[in-house]
>>> print(open('coords-v1.txt').read())   # compact mmCIF, N, CA and C atoms
# COMPACT_ATOMS: atom_id res chain seq x y z
N MET B 969 43.04 -28.69 -10.00
CA MET B 969 41.91 -29.41 -9.42
C MET B 969 40.90 -28.39 -8.92
N ASN B 970 39.67 -28.60 -9.24
CA ASN B 970 38.58 -27.73 -8.80
C ASN B 970 38.06 -28.19 -7.45
N PRO B 971 37.59 -27.26 -6.64
CA PRO B 971 36.99 -27.67 -5.37
C PRO B 971 35.70 -28.45 -5.63
N GLU B 972 35.36 -29.27 -4.70
CA GLU B 972 34.15 -30.08 -4.84
C GLU B 972 33.20 -29.74 -3.71
N ARG B 973 31.96 -29.45 -4.08
CA ARG B 973 30.95 -29.09 -3.08
C ARG B 973 29.89 -30.18 -3.06
N ILE B 974 29.59 -30.67 -1.87
CA ILE B 974 28.57 -31.69 -1.71
C ILE B 974 27.56 -31.16 -0.69
N VAL B 975 26.30 -31.12 -1.07
CA VAL B 975 25.24 -30.67 -0.16
C VAL B 975 24.41 -31.88 0.22
N PHE B 976 24.26 -32.12 1.52
CA PHE B 976 23.47 -33.22 2.03
C PHE B 976 22.14 -32.67 2.55
N THR B 977 21.03 -33.30 2.19
CA THR B 977 19.74 -32.92 2.77
C THR B 977 19.54 -33.60 4.12
N ASP B 978 20.19 -34.76 4.31
CA ASP B 978 20.17 -35.46 5.60
C ASP B 978 21.59 -35.96 5.84
N THR B 979 22.31 -35.27 6.69
CA THR B 979 23.73 -35.55 6.88
C THR B 979 23.94 -36.93 7.50
N PRO B 980 24.79 -37.76 6.88
CA PRO B 980 25.09 -39.07 7.46
C PRO B 980 26.07 -38.95 8.62
N ALA B 981 26.24 -40.03 9.36
CA ALA B 981 27.18 -40.04 10.48
C ALA B 981 28.62 -39.89 10.00
N PHE B 982 28.91 -40.43 8.83
CA PHE B 982 30.25 -40.31 8.24
C PHE B 982 30.09 -39.71 6.84
N ILE B 983 30.93 -38.77 6.52
CA ILE B 983 30.85 -38.10 5.22
C ILE B 983 31.91 -38.69 4.30
N PRO B 984 31.51 -39.19 3.13
CA PRO B 984 32.48 -39.78 2.22
C PRO B 984 33.36 -38.70 1.58
N VAL B 985 34.63 -39.00 1.42
CA VAL B 985 35.56 -38.09 0.77
C VAL B 985 35.79 -38.60 -0.65
N PRO B 986 35.62 -37.73 -1.66
CA PRO B 986 35.86 -38.18 -3.03
C PRO B 986 37.28 -38.75 -3.18
N GLU B 987 37.41 -39.76 -3.98
CA GLU B 987 38.68 -40.46 -4.13
C GLU B 987 39.81 -39.53 -4.57
N ALA B 988 39.48 -38.56 -5.41
CA ALA B 988 40.50 -37.63 -5.90
C ALA B 988 41.06 -36.75 -4.79
N LEU B 989 40.31 -36.61 -3.69
CA LEU B 989 40.76 -35.74 -2.58
C LEU B 989 41.30 -36.52 -1.39
N GLN B 990 41.27 -37.84 -1.45
CA GLN B 990 41.77 -38.64 -0.34
C GLN B 990 43.29 -38.56 -0.26
N HIS B 991 43.82 -38.60 0.96
CA HIS B 991 45.25 -38.57 1.24
C HIS B 991 45.91 -37.29 0.72
N ARG B 992 45.19 -36.19 0.80
CA ARG B 992 45.70 -34.88 0.40
C ARG B 992 45.39 -33.87 1.50
N LYS B 993 46.03 -32.76 1.44
CA LYS B 993 45.74 -31.68 2.37
C LYS B 993 44.51 -30.94 1.84
N VAL B 994 43.42 -30.97 2.59
CA VAL B 994 42.16 -30.35 2.17
C VAL B 994 41.58 -29.54 3.33
N GLU B 995 40.64 -28.69 3.01
CA GLU B 995 39.89 -27.94 4.01
C GLU B 995 38.45 -28.40 3.96
N VAL B 996 37.89 -28.73 5.10
CA VAL B 996 36.51 -29.18 5.19
C VAL B 996 35.75 -28.16 6.02
N ILE B 997 34.68 -27.61 5.46
CA ILE B 997 33.85 -26.63 6.16
C ILE B 997 32.46 -27.22 6.28
N LEU B 998 31.96 -27.34 7.49
CA LEU B 998 30.59 -27.81 7.71
C LEU B 998 29.74 -26.59 8.03
N TRP B 999 28.84 -26.26 7.14
CA TRP B 999 28.04 -25.05 7.24
C TRP B 999 26.57 -25.45 7.21
N PRO B 1000 25.83 -25.32 8.32
CA PRO B 1000 24.42 -25.70 8.32
C PRO B 1000 23.61 -24.76 7.42
N LEU B 1001 22.84 -25.34 6.55
CA LEU B 1001 22.05 -24.55 5.59
C LEU B 1001 20.60 -24.39 6.00
N ASP B 1002 20.18 -25.06 7.05
CA ASP B 1002 18.77 -25.02 7.43
C ASP B 1002 18.47 -24.17 8.65
N GLU B 1003 19.46 -23.48 9.17
CA GLU B 1003 19.22 -22.63 10.34
C GLU B 1003 18.52 -21.35 9.92
N ASP B 1004 17.57 -20.93 10.74
CA ASP B 1004 16.93 -19.65 10.50
C ASP B 1004 17.81 -18.57 11.09
N THR B 1005 18.29 -17.69 10.25
CA THR B 1005 19.15 -16.62 10.73
C THR B 1005 18.35 -15.34 10.85
N VAL B 1006 18.68 -14.58 11.85
CA VAL B 1006 18.02 -13.30 12.07
C VAL B 1006 18.77 -12.25 11.25
N PRO B 1007 18.06 -11.51 10.41
CA PRO B 1007 18.77 -10.49 9.62
C PRO B 1007 19.32 -9.39 10.54
N VAL B 1008 20.50 -8.94 10.21
CA VAL B 1008 21.16 -7.90 10.99
C VAL B 1008 20.88 -6.56 10.33
N GLU B 1009 20.40 -5.63 11.12
CA GLU B 1009 20.12 -4.30 10.58
C GLU B 1009 21.39 -3.46 10.60
N ALA B 1010 21.57 -2.70 9.56
CA ALA B 1010 22.71 -1.79 9.49
C ALA B 1010 22.48 -0.64 10.46
N PRO B 1011 23.55 -0.14 11.07
CA PRO B 1011 23.39 1.01 11.97
C PRO B 1011 22.83 2.22 11.21
N LYS B 1012 22.07 3.02 11.92
CA LYS B 1012 21.44 4.18 11.29
C LYS B 1012 22.21 5.47 11.54
N TYR B 1013 23.51 5.33 11.85
CA TYR B 1013 24.34 6.50 12.09
C TYR B 1013 24.71 7.15 10.77
N THR B 1014 24.92 8.44 10.81
CA THR B 1014 25.35 9.19 9.63
C THR B 1014 26.75 9.75 9.90
N TRP B 1015 27.36 10.28 8.85
CA TRP B 1015 28.67 10.91 9.02
C TRP B 1015 28.57 12.09 9.98
N ALA B 1016 27.47 12.80 9.95
CA ALA B 1016 27.31 13.94 10.86
C ALA B 1016 27.35 13.47 12.31
N ASP B 1017 26.70 12.34 12.60
CA ASP B 1017 26.75 11.78 13.96
C ASP B 1017 28.18 11.45 14.36
N PHE B 1018 28.92 10.87 13.42
CA PHE B 1018 30.31 10.50 13.67
C PHE B 1018 31.14 11.73 14.01
N PHE B 1019 31.04 12.77 13.17
CA PHE B 1019 31.85 13.97 13.39
C PHE B 1019 31.42 14.70 14.66
N ASN B 1020 30.15 14.71 14.97
CA ASN B 1020 29.70 15.35 16.21
C ASN B 1020 30.23 14.61 17.44
N ARG B 1021 30.37 13.31 17.32
CA ARG B 1021 30.84 12.53 18.46
C ARG B 1021 32.35 12.63 18.65
N PHE B 1022 33.11 12.62 17.56
CA PHE B 1022 34.56 12.51 17.66
C PHE B 1022 35.32 13.78 17.31
N SER B 1023 34.67 14.88 17.13
CA SER B 1023 35.39 16.12 16.88
C SER B 1023 34.89 17.18 17.85
N ARG B 1024 35.70 18.18 18.04
CA ARG B 1024 35.26 19.25 18.93
C ARG B 1024 34.50 20.29 18.13
N GLN B 1025 33.65 20.98 18.81
CA GLN B 1025 32.82 21.98 18.14
C GLN B 1025 33.65 23.22 17.81
N VAL B 1026 33.33 23.87 16.72
CA VAL B 1026 34.06 25.06 16.29
C VAL B 1026 33.85 26.20 17.28
N ASP B 1027 32.68 26.27 17.87
CA ASP B 1027 32.36 27.35 18.82
C ASP B 1027 33.09 27.18 20.14
N ASP B 1028 33.66 26.02 20.38
CA ASP B 1028 34.31 25.73 21.64
C ASP B 1028 35.62 26.53 21.74
N ALA B 1029 35.76 27.33 22.77
CA ALA B 1029 36.95 28.16 22.94
C ALA B 1029 38.02 27.46 23.78
N THR B 1030 37.74 26.25 24.25
CA THR B 1030 38.70 25.50 25.05
C THR B 1030 39.84 25.03 24.16
N PRO B 1031 41.08 25.39 24.48
CA PRO B 1031 42.19 24.97 23.62
C PRO B 1031 42.51 23.49 23.78
N CYS B 1032 42.92 22.90 22.69
CA CYS B 1032 43.41 21.51 22.72
C CYS B 1032 44.91 21.54 22.97
N ALA B 1033 45.49 20.42 23.34
CA ALA B 1033 46.93 20.33 23.54
C ALA B 1033 47.65 20.66 22.23
N ARG B 1034 47.08 20.28 21.11
CA ARG B 1034 47.69 20.58 19.82
C ARG B 1034 47.73 22.10 19.60
N ASP B 1035 46.67 22.80 19.99
CA ASP B 1035 46.64 24.25 19.83
C ASP B 1035 47.73 24.94 20.66
N GLU B 1036 48.02 24.38 21.84
CA GLU B 1036 49.03 24.97 22.68
C GLU B 1036 50.43 24.82 22.04
N LEU B 1037 50.65 23.77 21.28
CA LEU B 1037 51.93 23.57 20.62
C LEU B 1037 52.17 24.62 19.53
N TYR B 1038 51.10 25.03 18.89
CA TYR B 1038 51.23 25.96 17.77
C TYR B 1038 50.64 27.34 18.10
N ALA B 1039 50.57 27.69 19.38
CA ALA B 1039 49.96 28.94 19.79
C ALA B 1039 50.66 30.15 19.17
N ASP B 1040 51.98 30.09 19.03
CA ASP B 1040 52.70 31.23 18.47
C ASP B 1040 52.40 31.38 16.97
N ARG B 1041 52.06 30.32 16.29
CA ARG B 1041 51.75 30.41 14.85
C ARG B 1041 50.31 30.86 14.59
N LEU B 1042 49.45 30.70 15.60
CA LEU B 1042 48.04 31.05 15.43
C LEU B 1042 47.82 32.55 15.57
N ARG B 1043 48.76 33.28 16.13
CA ARG B 1043 48.57 34.72 16.36
C ARG B 1043 48.99 35.54 15.19
>>> encode(input="coords-v1.txt", output="structure tokens")
Amino acid sequence: MNPERIVFTDTPAFIPVPEALQHRKVEVILWPLDEDTVPVEAPKYTWADFFNRFSRQVDDATPCARDELYADRLR
């Protein structure tokens, strides 16, 4: 059975269900088609911004906890 799509230009108080779909388990989605939606702008971040925010700088001499675990291997 194929899904059935019905678009109403003026929604009635009661929506008729096609006979083939009556007394069955179905999903009904009411999606307004006339709303003005505001377009969402994509973030203007770059990968460089991401790495600068979430990684430590190479010039930084402050050791991390991970560095302390492997201090004997770094020498």
>>> atom_distance(input="coords-v1.txt", atom1="atom CA of B:Val996", atom2="atom CA of B:Val1008")
26.9 Å
>>> atom_distance(input="coords-v1.txt", atom1="atom N of B:Gln990", atom2="atom C of B:Phe976")
20.2 Å
>>> atom_distance(input="coords-v1.txt", atom1="atom C of B:Asn1020", atom2="atom N of B:Asp1040")
26.7 Å
>>> axis_aligned_box(input="coords-v1.txt", around="stretch 975-988 of chain B", padding_each_side="6 Å", output="lines of an AutoDock Vina configuration file")
center_x = 30.3
center_y = -35.6
center_z = 2.3
size_x = 33.5
size_y = 21.8
size_z = 28.4
>>> select_by_dssp(input="coords-v1.txt", residues="stretch 972-1030 of chain B", states="helix (DSSP H, G or I)", output="list in words")
Glu987, Ala988, Leu989, Trp1015, Ala1016, Asp1017, Phe1018, Phe1019, Asn1020, Arg1021 and Phe1022 of chain B
>>> write_last_selection(input="coords-v1.txt", atoms="N, CA and C atoms", output="PDB file, in the coordinates of the input")
ATOM      1  N   GLU B 987      37.410 -39.760  -3.980  1.00  0.00           N
ATOM      2  CA  GLU B 987      38.680 -40.460  -4.130  1.00  0.00           C
ATOM      3  C   GLU B 987      39.810 -39.530  -4.570  1.00  0.00           C
ATOM      4  N   ALA B 988      39.480 -38.560  -5.410  1.00  0.00           N
ATOM      5  CA  ALA B 988      40.500 -37.630  -5.900  1.00  0.00           C
ATOM      6  C   ALA B 988      41.060 -36.750  -4.790  1.00  0.00           C
ATOM      7  N   LEU B 989      40.310 -36.610  -3.690  1.00  0.00           N
ATOM      8  CA  LEU B 989      40.760 -35.740  -2.580  1.00  0.00           C
ATOM      9  C   LEU B 989      41.300 -36.520  -1.390  1.00  0.00           C
ATOM     10  N   TRP B1015      27.360  10.280   8.850  1.00  0.00           N
ATOM     11  CA  TRP B1015      28.670  10.910   9.020  1.00  0.00           C
ATOM     12  C   TRP B1015      28.570  12.090   9.980  1.00  0.00           C
ATOM     13  N   ALA B1016      27.470  12.800   9.950  1.00  0.00           N
ATOM     14  CA  ALA B1016      27.310  13.940  10.860  1.00  0.00           C
ATOM     15  C   ALA B1016      27.350  13.470  12.310  1.00  0.00           C
ATOM     16  N   ASP B1017      26.700  12.340  12.600  1.00  0.00           N
ATOM     17  CA  ASP B1017      26.750  11.780  13.960  1.00  0.00           C
ATOM     18  C   ASP B1017      28.180  11.450  14.360  1.00  0.00           C
ATOM     19  N   PHE B1018      28.920  10.870  13.420  1.00  0.00           N
ATOM     20  CA  PHE B1018      30.310  10.500  13.670  1.00  0.00           C
ATOM     21  C   PHE B1018      31.140  11.730  14.010  1.00  0.00           C
ATOM     22  N   PHE B1019      31.040  12.770  13.170  1.00  0.00           N
ATOM     23  CA  PHE B1019      31.850  13.970  13.390  1.00  0.00           C
ATOM     24  C   PHE B1019      31.420  14.700  14.660  1.00  0.00           C
ATOM     25  N   ASN B1020      30.150  14.710  14.970  1.00  0.00           N
ATOM     26  CA  ASN B1020      29.700  15.350  16.210  1.00  0.00           C
ATOM     27  C   ASN B1020      30.230  14.610  17.440  1.00  0.00           C
ATOM     28  N   ARG B1021      30.370  13.310  17.320  1.00  0.00           N
ATOM     29  CA  ARG B1021      30.840  12.530  18.460  1.00  0.00           C
ATOM     30  C   ARG B1021      32.350  12.630  18.650  1.00  0.00           C
ATOM     31  N   PHE B1022      33.110  12.620  17.560  1.00  0.00           N
ATOM     32  CA  PHE B1022      34.560  12.510  17.660  1.00  0.00           C
ATOM     33  C   PHE B1022      35.320  13.780  17.310  1.00  0.00           C
TER      34      PHE B1022
END
>>> decode(input="coords-v1.txt", residues="stretch 987-1017 of chain B", atoms="C-alpha atoms", output="PDB file, in the first residue's frame")
ATOM      1  CA  GLU B 987     -11.608   4.040   3.084  1.00  0.00           C
ATOM      2  CA  ALA B 988      -8.518   1.941   2.373  1.00  0.00           C
ATOM      3  CA  LEU B 989      -6.831   3.408   5.474  1.00  0.00           C
ATOM      4  CA  GLN B 990      -9.755   3.206   7.891  1.00  0.00           C
ATOM      5  CA  HIS B 991      -9.478   0.830  10.878  1.00  0.00           C
ATOM      6  CA  ARG B 992      -5.712   0.452  10.382  1.00  0.00           C
ATOM      7  CA  LYS B 993      -2.651   1.657  12.209  1.00  0.00           C
ATOM      8  CA  VAL B 994      -1.636   4.883  10.426  1.00  0.00           C
ATOM      9  CA  GLU B 995       0.438   7.986  11.075  1.00  0.00           C
ATOM     10  CA  VAL B 996      -1.172  11.381  10.577  1.00  0.00           C
ATOM     11  CA  ILE B 997       1.055  14.447  10.272  1.00  0.00           C
ATOM     12  CA  LEU B 998      -0.507  17.911  10.157  1.00  0.00           C
ATOM     13  CA  TRP B 999       2.037  20.262   8.624  1.00  0.00           C
ATOM     14  CA  PRO B1000       1.001  23.885   7.938  1.00  0.00           C
ATOM     15  CA  LEU B1001       2.100  24.882   4.448  1.00  0.00           C
ATOM     16  CA  ASP B1002       1.220  28.571   4.586  1.00  0.00           C
ATOM     17  CA  GLU B1003       3.461  29.733   7.427  1.00  0.00           C
ATOM     18  CA  ASP B1004       6.203  32.167   6.575  1.00  0.00           C
ATOM     19  CA  THR B1005       9.395  30.622   7.834  1.00  0.00           C
ATOM     20  CA  VAL B1006      12.513  32.593   8.560  1.00  0.00           C
ATOM     21  CA  PRO B1007      15.528  31.136   6.764  1.00  0.00           C
ATOM     22  CA  VAL B1008      18.232  29.905   9.103  1.00  0.00           C
ATOM     23  CA  GLU B1009      21.739  31.039   8.319  1.00  0.00           C
ATOM     24  CA  ALA B1010      24.537  28.522   8.561  1.00  0.00           C
ATOM     25  CA  PRO B1011      27.228  29.339  11.116  1.00  0.00           C
ATOM     26  CA  LYS B1012      30.240  31.109   9.676  1.00  0.00           C
ATOM     27  CA  TYR B1013      32.764  29.149  11.739  1.00  0.00           C
ATOM     28  CA  THR B1014      35.680  27.438  10.049  1.00  0.00           C
ATOM     29  CA  TRP B1015      37.728  24.408  11.030  1.00  0.00           C
ATOM     30  CA  ALA B1016      40.507  26.767  12.101  1.00  0.00           C
ATOM     31  CA  ASP B1017      38.113  28.424  14.578  1.00  0.00           C
TER      32      ASP B1017
END
